[in-house]
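Trainee: Pasting a structure below so you can have a look.
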Amino acid sequence: GPLQLAGTDDLLSGHPDVERALAGTSGEKPLIVLTHSPALFPQLARPGVDLVLSGHTHGGQVNLPGLGPFFLPRGSGAYPWGWYSIGNSFLFVNRGLGWSVAPWRWRAPPEIAWIFATA
């Protein structure tokens, strides 16, 4: 196909092996990496990794005006939601639809993201 896909194990409950996940990929086709925890982004960002898709954070679930997320789960790193880049690698962290710990959200609306590229 026109894309390459790779994925990592979960950072908190698994044993992610970035080198193994990227083994066998080439720079000939765009590479999308799926990882639950965005904190792996600095290890994944490298030439040939075009896009990393992540979740896990629920967008902070509660965001205080002027302060940002009240709580982010371990494994979020500095990536609560949205777009980030390191070099030519991009990360998108989706806020998702659910919640964690408490069944409410404030200033962290649920989302379903549509991501598409144009030539």
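Convention: chains lettered A, B, ... in structure tokens order; per-chain residue numbering from 1; ligands numbered from 1 as shown.
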Quick one: residues within 12 Å of Leu64 (chain A), only C-alpha atoms counted, chain neighbours fewer than 5 positions away excluded, as a list in words?
Mentor: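 Within the cut-off, the hits are Gly59, Pro69, Phe70, Phe71, Arg105, Trp106, Arg107 and Ala108 of chain A.
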Trainee: When DSSP works through the backbone of this structure, what residues of chain A end up as alpha helix (DSSP H), shown as a list in words?
Mentor: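 Here is the list: Val18, Glu19, Arg20, Ala21, Leu22, Phe41, Pro42, Gln43 and Leu44 of chain A.
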Trainee: Which one is closest to Glu28 (chain A): A:Leu11, A:Val62, A:Pro80, A:Pro47? Count only C-alpha atoms.
Mentor: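 Of A:Leu11, A:Val62, A:Pro80, A:Pro47, the one nearest Glu28 (chain A), counting only C-alpha atoms, is A:Pro47.
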Trainee: Would you list the contacts of Asn88 (chain A) as a PDB file with all heavy atoms, in the first residue's frame, taking every protein, DNA or RNA residue within 8 Å and counting only C-alpha atoms, but skipping same-chain residues closer than 4 positions in sequence?
Mentor:
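The resulting file, out04.pdb, is reproduced below:
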```pdb
ATOM      1  N   ALA A  45      10.428  10.150  17.408  1.00  0.00           N
ATOM      2  CA  ALA A  45      10.699  11.220  16.439  1.00  0.00           C
ATOM      3  C   ALA A  45      12.089  11.045  15.855  1.00  0.00           C
ATOM      4  O   ALA A  45      13.086  11.137  16.558  1.00  0.00           O
ATOM      5  CB  ALA A  45      10.563  12.585  17.117  1.00  0.00           C
ATOM      6  N   ARG A  46      12.131  10.767  14.576  1.00  0.00           N
ATOM      7  CA  ARG A  46      13.399  10.549  13.867  1.00  0.00           C
ATOM      8  C   ARG A  46      13.115  10.604  12.377  1.00  0.00           C
ATOM      9  O   ARG A  46      11.954  10.503  11.960  1.00  0.00           O
ATOM     10  CB  ARG A  46      14.010   9.208  14.254  1.00  0.00           C
ATOM     11  CG  ARG A  46      13.098   8.038  13.923  1.00  0.00           C
ATOM     12  CD  ARG A  46      13.668   6.709  14.335  1.00  0.00           C
ATOM     13  NE  ARG A  46      13.666   6.577  15.779  1.00  0.00           N
ATOM     14  CZ  ARG A  46      14.248   5.595  16.438  1.00  0.00           C
ATOM     15  NH1 ARG A  46      14.885   4.654  15.789  1.00  0.00           N
ATOM     16  NH2 ARG A  46      14.217   5.526  17.737  1.00  0.00           N
ATOM     17  N   PRO A  47      14.142  10.738  11.568  1.00  0.00           N
ATOM     18  CA  PRO A  47      13.911  10.715  10.119  1.00  0.00           C
ATOM     19  C   PRO A  47      13.190   9.423   9.721  1.00  0.00           C
ATOM     20  O   PRO A  47      13.511   8.341  10.210  1.00  0.00           O
ATOM     21  CB  PRO A  47      15.316  10.773   9.529  1.00  0.00           C
ATOM     22  CG  PRO A  47      16.130  11.472  10.576  1.00  0.00           C
ATOM     23  CD  PRO A  47      15.554  10.987  11.890  1.00  0.00           C
ATOM     24  N   VAL A  49      10.008   8.760  10.375  1.00  0.00           N
ATOM     25  CA  VAL A  49       8.755   8.678  11.123  1.00  0.00           C
ATOM     26  C   VAL A  49       8.002   9.969  10.852  1.00  0.00           C
ATOM     27  O   VAL A  49       8.374  11.037  11.337  1.00  0.00           O
ATOM     28  CB  VAL A  49       8.987   8.480  12.644  1.00  0.00           C
ATOM     29  CG1 VAL A  49       7.671   8.541  13.395  1.00  0.00           C
ATOM     30  CG2 VAL A  49       9.697   7.162  12.901  1.00  0.00           C
ATOM     31  N   ASP A  50       6.951   9.853  10.055  1.00  0.00           N
ATOM     32  CA  ASP A  50       6.231  11.048   9.625  1.00  0.00           C
ATOM     33  C   ASP A  50       5.166  11.492  10.624  1.00  0.00           C
ATOM     34  O   ASP A  50       5.030  12.677  10.907  1.00  0.00           O
ATOM     35  CB  ASP A  50       5.586  10.782   8.264  1.00  0.00           C
ATOM     36  CG  ASP A  50       6.637  10.458   7.224  1.00  0.00           C
ATOM     37  OD1 ASP A  50       7.400  11.375   6.874  1.00  0.00           O
ATOM     38  OD2 ASP A  50       6.727   9.294   6.795  1.00  0.00           O
TER      39      ASP A  50
END
```
Trainee: List the spatial neighbours of Leu34 (chain A) as a ChimeraX atom specification - criterion: any atom at most 10 Å away, only C-alpha atoms, same-chain residues fewer than 4 positions off excluded.
Mentor: /A:5-9,21,38,51-55,91
Trainee: Using only C-alpha atoms, which residues sit within 12 Å of Gly48 (chain A) once same-chain residues fewer than 6 positions away are excluded, as a PyMOL selection string?
Mentor: chain A and resi 3-6+22-33+87-90
Trainee: Can you measure CA of Pro16 (chain A) to CA of Ala39 (chain A) for me? One decimal in Å is fine.
Mentor: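 These two atoms are separated by 11.4 Å.
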Trainee: Contacts of Glu111 (chain A) at 6 Å or less, counting only C-alpha atoms, minus same-chain residues fewer than 3 places along, as a PyMOL selection string?
Mentor: chain A and resi 95-97
Trainee: Next, dump the selected residues to file, keeping only all heavy atoms, as an mmCIF file, in the first residue's frame.
Mentor:
```
data_model
loop_
_atom_site.group_PDB
_atom_site.id
_atom_site.type_symbol
_atom_site.label_atom_id
_atom_site.label_comp_id
_atom_site.auth_asym_id
_atom_site.auth_seq_id
_atom_site.Cartn_x
_atom_site.Cartn_y
_atom_site.Cartn_z
ATOM 1 N N ARG A 95 -7.938 13.641 22.317
ATOM 2 C CA ARG A 95 -8.545 13.683 23.654
ATOM 3 C C ARG A 95 -9.464 12.493 23.900
ATOM 4 O O ARG A 95 -9.785 12.182 25.039
ATOM 5 C CB ARG A 95 -9.331 14.981 23.835
ATOM 6 C CG ARG A 95 -8.471 16.209 23.943
ATOM 7 C CD ARG A 95 -9.281 17.431 24.350
ATOM 8 N NE ARG A 95 -10.374 17.694 23.452
ATOM 9 C CZ ARG A 95 -10.361 18.587 22.463
ATOM 10 N NH1 ARG A 95 -9.273 19.308 22.259
ATOM 11 N NH2 ARG A 95 -11.407 18.779 21.707
ATOM 12 N N GLY A 96 -9.915 11.851 22.840
ATOM 13 C CA GLY A 96 -10.770 10.680 22.993
ATOM 14 C C GLY A 96 -12.173 11.023 23.445
ATOM 15 O O GLY A 96 -12.554 12.187 23.566
ATOM 16 N N LEU A 97 -12.938 9.980 23.705
ATOM 17 C CA LEU A 97 -14.351 10.140 24.055
ATOM 18 C C LEU A 97 -14.642 9.871 25.520
ATOM 19 O O LEU A 97 -15.645 10.332 26.043
ATOM 20 C CB LEU A 97 -15.206 9.185 23.206
ATOM 21 C CG LEU A 97 -15.146 9.417 21.709
ATOM 22 C CD1 LEU A 97 -15.899 8.321 20.976
ATOM 23 C CD2 LEU A 97 -15.712 10.781 21.365
#
```
Trainee: Could you work out how far CA of Gln61 (chain A) lies from CA of Pro109 (chain A), giving the answer in Å with one decimal?
Mentor: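 Going from CA of Pro109 (chain A) over to CA of Gln61 (chain A), I get 7.9 Å.
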